[in-house]
Amino acid sequence: MDTTAFLRRLGLRGHDGPSLEALTTLMAAFADSVPYETVQYQFGRGGPLDPEAVAARIISREAGGYCFQLNGSFGALLTALGYRVTMHRGGAETPNRPAKVDASHLVLTVDNLPDAPGAWIADVGLGEGLLAPLPLGVGSFEQEPFKLGLRPSELVDGWRLDHDPRSSLTGMDFESAPATMQAFEEQHAYLSVSPESPFVRLLSCFRRKPRSTAILRALTLTELTATDLDTVVLETEPDFYTVLADVFSLPLTHLSTTERTELWKRANTQHEAFLANTQ
């Protein structure tokens with residue numbers, strides 16, 4: 001992995017060695033610079049799972065990723081920088097998806113930090129998720145605009161992250177046991193390609209900013225802060241691609257003119273379906 005290019009992509013000039021402060025800086029930079037996105041799955045081609053292949057696409061600004069790709073590449077970067085990283089099988093809960101741990105989410109923890117005892121959750125793959133590491137123990141935390149809680153899981157030998165009620169994510173459970181990337185291959189094959197996958201059926205992007213979260217679902221752009229919720233519908237193709245480039249760091253210059261038109265039409269179809277379901 002080209003760690004220098006990856007750090008530059010995150011807006012960082014270098015790294016002085018593992019520490020809680022450095023890990024916090026890395027997480028915040030990654031969350032703010034690399035979008036959680038399903039744009040890449042709108043063409044029926046899937047996307048890579050290999051962390052180095054994902055990192056190359058992130059560095060070239062061709063794509064961001066979802067949990068397997070974001071946490072996979074971030075974990076590889078941390079490992080290359082000298083951190084001790086562990087992957088875990090997890091599963092996210094939403095109002096439309098019950099809580100279960102089925103390897104549909106990849107979780108990262110980091111331990112053996114020279115200036116901070118214990119293990120720390122370093123998950124950058126939740127979309128509306130973490131800006132900074134969380135100590136792996138029972139507690140309540142605030143990462144604006146969200147309030148979070150951590151407690152033992154009721155489903156597995158592991159942990160439960162309770163998310164803010166204002167988020168579309170209810171929570172996330174994960175196992176304490178370590179996992180390898182192979183544990184996520186089956187779910188990745190389904191979620192990235194199947195026509196039934198929610199990631200294929202809906203174009204979405206998330207950018208976790210220092211004090212807010214920007215969310216794009218089809219043509220609806222939302223900015224969620226601690227006190228407000230601003231929503232606008234993107235009405236033209238130029239506006240759509242400007243938002244992808246400027247808000248979510250996805251210029252998509254590798255797409256052909258035909259592919260860009262196809263993506264715009266697909267987003268319109270999804271938006272119209274959303275309107276029909278809300279009437």
# chains A, B, ... in the order shown; residues from 1 in each chain; ligands from 1

call {"tool": "select_by_dssp", "arguments": {"residues": "stretch 40-261 of chain A", "states": "alpha helix (DSSP H)", "output": "NGL selection string"}}
result
:A and (51-59 or 67-80 or 185-193 or 198-201 or 237-246 or 257-261)

call {"tool": "write_last_selection", "arguments": {"atoms": "N, CA and C atoms", "output": "short mmCIF file (atom, residue, chain, number, x, y, z; two decimals), in the first residue's frame"}}
result
data_model
loop_
_atom_site.label_atom_id
_atom_site.label_comp_id
_atom_site.auth_asym_id
_atom_site.auth_seq_id
_atom_site.Cartn_x
_atom_site.Cartn_y
_atom_site.Cartn_z
N PRO A 51 -8.33 -4.88 0.30
CA PRO A 51 -8.05 -3.56 0.84
C PRO A 51 -7.12 -2.71 -0.02
N GLU A 52 -6.10 -3.31 -0.63
CA GLU A 52 -5.18 -2.52 -1.43
C GLU A 52 -5.85 -2.04 -2.72
N ALA A 53 -6.71 -2.87 -3.32
CA ALA A 53 -7.45 -2.45 -4.51
C ALA A 53 -8.42 -1.33 -4.17
N VAL A 54 -9.07 -1.44 -3.02
CA VAL A 54 -9.98 -0.38 -2.57
C VAL A 54 -9.21 0.91 -2.32
N ALA A 55 -8.06 0.81 -1.66
CA ALA A 55 -7.26 1.99 -1.36
C ALA A 55 -6.85 2.71 -2.63
N ALA A 56 -6.49 1.95 -3.68
CA ALA A 56 -6.08 2.56 -4.94
C ALA A 56 -7.21 3.38 -5.53
N ARG A 57 -8.45 2.88 -5.43
CA ARG A 57 -9.61 3.61 -5.96
C ARG A 57 -9.91 4.85 -5.11
N ILE A 58 -9.74 4.72 -3.80
CA ILE A 58 -9.95 5.87 -2.93
C ILE A 58 -8.92 6.96 -3.24
N ILE A 59 -7.68 6.57 -3.39
CA ILE A 59 -6.61 7.54 -3.66
C ILE A 59 -6.86 8.27 -4.97
N CYS A 67 -18.88 -0.54 4.37
CA CYS A 67 -18.12 -0.95 5.54
C CYS A 67 -16.94 -1.86 5.24
N PHE A 68 -17.16 -2.90 4.40
CA PHE A 68 -16.07 -3.83 4.13
C PHE A 68 -14.89 -3.11 3.49
N GLN A 69 -15.19 -2.20 2.58
CA GLN A 69 -14.13 -1.50 1.86
C GLN A 69 -13.48 -0.40 2.71
N LEU A 70 -14.31 0.37 3.41
CA LEU A 70 -13.77 1.47 4.22
C LEU A 70 -12.96 0.94 5.40
N ASN A 71 -13.55 0.07 6.19
CA ASN A 71 -12.81 -0.46 7.33
C ASN A 71 -11.68 -1.38 6.89
N GLY A 72 -11.86 -2.09 5.78
CA GLY A 72 -10.79 -2.94 5.28
C GLY A 72 -9.57 -2.14 4.88
N SER A 73 -9.78 -1.08 4.10
CA SER A 73 -8.64 -0.27 3.65
C SER A 73 -8.06 0.55 4.80
N PHE A 74 -8.92 1.07 5.69
CA PHE A 74 -8.43 1.83 6.83
C PHE A 74 -7.62 0.92 7.77
N GLY A 75 -8.11 -0.30 7.96
CA GLY A 75 -7.37 -1.25 8.79
C GLY A 75 -6.00 -1.57 8.20
N ALA A 76 -5.95 -1.72 6.87
CA ALA A 76 -4.67 -1.98 6.21
C ALA A 76 -3.73 -0.80 6.35
N LEU A 77 -4.27 0.41 6.24
CA LEU A 77 -3.44 1.61 6.43
C LEU A 77 -2.91 1.66 7.86
N LEU A 78 -3.76 1.43 8.84
CA LEU A 78 -3.32 1.45 10.23
C LEU A 78 -2.24 0.40 10.48
N THR A 79 -2.44 -0.78 9.94
CA THR A 79 -1.45 -1.85 10.12
C THR A 79 -0.10 -1.44 9.52
N ALA A 80 -0.15 -0.84 8.33
CA ALA A 80 1.09 -0.39 7.68
C ALA A 80 1.78 0.71 8.49
N GLU A 185 -16.63 -12.26 2.66
CA GLU A 185 -16.71 -12.44 1.21
C GLU A 185 -18.13 -12.73 0.74
N GLU A 186 -18.85 -13.60 1.45
CA GLU A 186 -20.20 -13.98 1.01
C GLU A 186 -21.15 -12.79 1.07
N GLN A 187 -21.11 -12.04 2.17
CA GLN A 187 -21.98 -10.88 2.29
C GLN A 187 -21.61 -9.81 1.27
N HIS A 188 -20.33 -9.62 1.03
CA HIS A 188 -19.91 -8.63 0.03
C HIS A 188 -20.41 -9.01 -1.35
N ALA A 189 -20.33 -10.29 -1.69
CA ALA A 189 -20.79 -10.74 -3.00
C ALA A 189 -22.27 -10.44 -3.19
N TYR A 190 -23.06 -10.61 -2.13
CA TYR A 190 -24.50 -10.32 -2.21
C TYR A 190 -24.77 -8.82 -2.20
N LEU A 191 -24.21 -8.12 -1.23
CA LEU A 191 -24.55 -6.71 -1.03
C LEU A 191 -24.06 -5.82 -2.17
N SER A 192 -23.00 -6.21 -2.86
CA SER A 192 -22.44 -5.35 -3.90
C SER A 192 -22.98 -5.64 -5.29
N VAL A 193 -23.67 -6.79 -5.48
CA VAL A 193 -24.09 -7.18 -6.83
C VAL A 193 -25.57 -7.51 -6.94
N PRO A 198 -29.90 -3.68 -0.71
CA PRO A 198 -30.28 -2.27 -0.50
C PRO A 198 -29.23 -1.31 -1.03
N PHE A 199 -27.99 -1.76 -1.14
CA PHE A 199 -26.93 -0.89 -1.66
C PHE A 199 -26.97 -0.77 -3.18
N VAL A 200 -27.55 -1.77 -3.83
CA VAL A 200 -27.73 -1.71 -5.28
C VAL A 200 -29.01 -0.96 -5.62
N ARG A 201 -30.02 -1.10 -4.79
CA ARG A 201 -31.33 -0.51 -5.07
C ARG A 201 -31.39 0.99 -4.80
N GLU A 237 -28.94 17.51 -13.67
CA GLU A 237 -27.77 16.62 -13.73
C GLU A 237 -26.49 17.34 -13.31
N PRO A 238 -26.25 18.60 -13.76
CA PRO A 238 -25.05 19.31 -13.29
C PRO A 238 -25.01 19.47 -11.77
N ASP A 239 -26.17 19.77 -11.15
CA ASP A 239 -26.21 19.89 -9.70
C ASP A 239 -25.85 18.56 -9.03
N PHE A 240 -26.37 17.49 -9.57
CA PHE A 240 -26.13 16.15 -9.04
C PHE A 240 -24.63 15.85 -9.02
N TYR A 241 -23.97 16.09 -10.13
CA TYR A 241 -22.54 15.77 -10.21
C TYR A 241 -21.68 16.78 -9.46
N THR A 242 -22.14 18.00 -9.32
CA THR A 242 -21.42 18.97 -8.51
C THR A 242 -21.43 18.57 -7.04
N VAL A 243 -22.57 18.11 -6.56
CA VAL A 243 -22.67 17.66 -5.17
C VAL A 243 -21.80 16.43 -4.94
N LEU A 244 -21.83 15.47 -5.85
CA LEU A 244 -20.98 14.29 -5.70
C LEU A 244 -19.51 14.68 -5.61
N ALA A 245 -19.09 15.64 -6.44
CA ALA A 245 -17.69 16.04 -6.47
C ALA A 245 -17.32 16.91 -5.28
N ASP A 246 -18.12 17.94 -5.00
CA ASP A 246 -17.74 18.94 -4.00
C ASP A 246 -18.07 18.53 -2.57
N THR A 257 -19.42 9.39 -20.65
CA THR A 257 -20.62 10.22 -20.76
C THR A 257 -21.88 9.38 -20.68
N THR A 258 -21.85 8.22 -21.32
CA THR A 258 -23.01 7.31 -21.28
C THR A 258 -23.27 6.84 -19.85
N GLU A 259 -22.21 6.48 -19.11
CA GLU A 259 -22.38 6.01 -17.74
C GLU A 259 -22.89 7.12 -16.83
N ARG A 260 -22.43 8.34 -17.04
CA ARG A 260 -22.91 9.45 -16.22
C ARG A 260 -24.39 9.72 -16.47
N THR A 261 -24.82 9.61 -17.72
CA THR A 261 -26.24 9.78 -18.04
C THR A 261 -27.06 8.65 -17.41
#

call {"tool": "select_by_dssp", "arguments": {"residues": "stretch 26-245 of chain A", "states": "strand (DSSP E or B)", "output": "VMD selection string"}}
result
chain A and resid 36 to 37 65 84 to 94 97 105 to 111 113 116 120 to 121 134 to 135 139 to 143 146 to 152 158 to 162 171 to 175 179 204 to 208 213 to 217 220 to 224 229 to 233

call {"tool": "residues_around", "arguments": {"residues": "A:Asp111", "least_positions_apart": "5", "cutoff": "12 Å", "atoms": "only C-alpha atoms", "output": "number ranges by chain"}}
result
A: 18-20, 23, 78-79, 82-87, 116-122, 133-136

call {"tool": "closest_atom_pairs", "arguments": {"of": "stretch 62-100 of chain A", "to": "stretch 206-220 of chain A", "cutoff": "12 Å", "atoms": "only C-alpha atoms", "output": "Markdown table"}}
result
| residue | atom | partner | partner_atom | distance |
| --- | --- | --- | --- | --- |
| A:Gly64 | CA | A:Phe206 | CA | 9.8 |
| A:Gly65 | CA | A:Phe206 | CA | 10.0 |
| A:Tyr66 | CA | A:Phe206 | CA | 9.7 |
| A:Cys67 | CA | A:Phe206 | CA | 11.8 |

call {"tool": "closest_residue", "arguments": {"among": "A:Ala92, A:Ala31, A:Leu81, A:Val39", "to": "A:Met1", "atoms": "only C-alpha atoms"}}
result
A:Leu81

call {"tool": "closest_residue", "arguments": {"among": "A:Leu10, A:Val34, A:Ala183, A:Val138", "to": "A:His105", "atoms": "only C-alpha atoms"}}
result
A:Ala183

call {"tool": "residues_around", "arguments": {"residues": "A:Asp228", "least_positions_apart": "4", "cutoff": "10 Å", "atoms": "only C-alpha atoms", "output": "PDB file with N, CA, C and O atoms, in the first residue's frame"}}
result
ATOM      1  N   PRO A 145     -23.121  15.419  15.518  1.00  0.00           N
ATOM      2  CA  PRO A 145     -24.352  15.750  16.231  1.00  0.00           C
ATOM      3  C   PRO A 145     -24.989  14.569  16.963  1.00  0.00           C
ATOM      4  O   PRO A 145     -26.163  14.633  17.305  1.00  0.00           O
ATOM      5  N   SER A 212     -21.291  17.674  11.745  1.00  0.00           N
ATOM      6  CA  SER A 212     -22.538  17.336  11.068  1.00  0.00           C
ATOM      7  C   SER A 212     -22.326  16.119  10.177  1.00  0.00           C
ATOM      8  O   SER A 212     -21.212  15.588  10.087  1.00  0.00           O
ATOM      9  N   GLU A 223     -28.410  17.693   5.280  1.00  0.00           N
ATOM     10  CA  GLU A 223     -27.330  18.043   6.210  1.00  0.00           C
ATOM     11  C   GLU A 223     -27.918  18.007   7.615  1.00  0.00           C
ATOM     12  O   GLU A 223     -28.834  18.768   7.941  1.00  0.00           O
ATOM     13  N   LEU A 224     -27.397  17.102   8.440  1.00  0.00           N
ATOM     14  CA  LEU A 224     -27.888  16.920   9.799  1.00  0.00           C
ATOM     15  C   LEU A 224     -26.889  17.489  10.791  1.00  0.00           C
ATOM     16  O   LEU A 224     -25.730  17.089  10.815  1.00  0.00           O
TER      17      LEU A 224
END
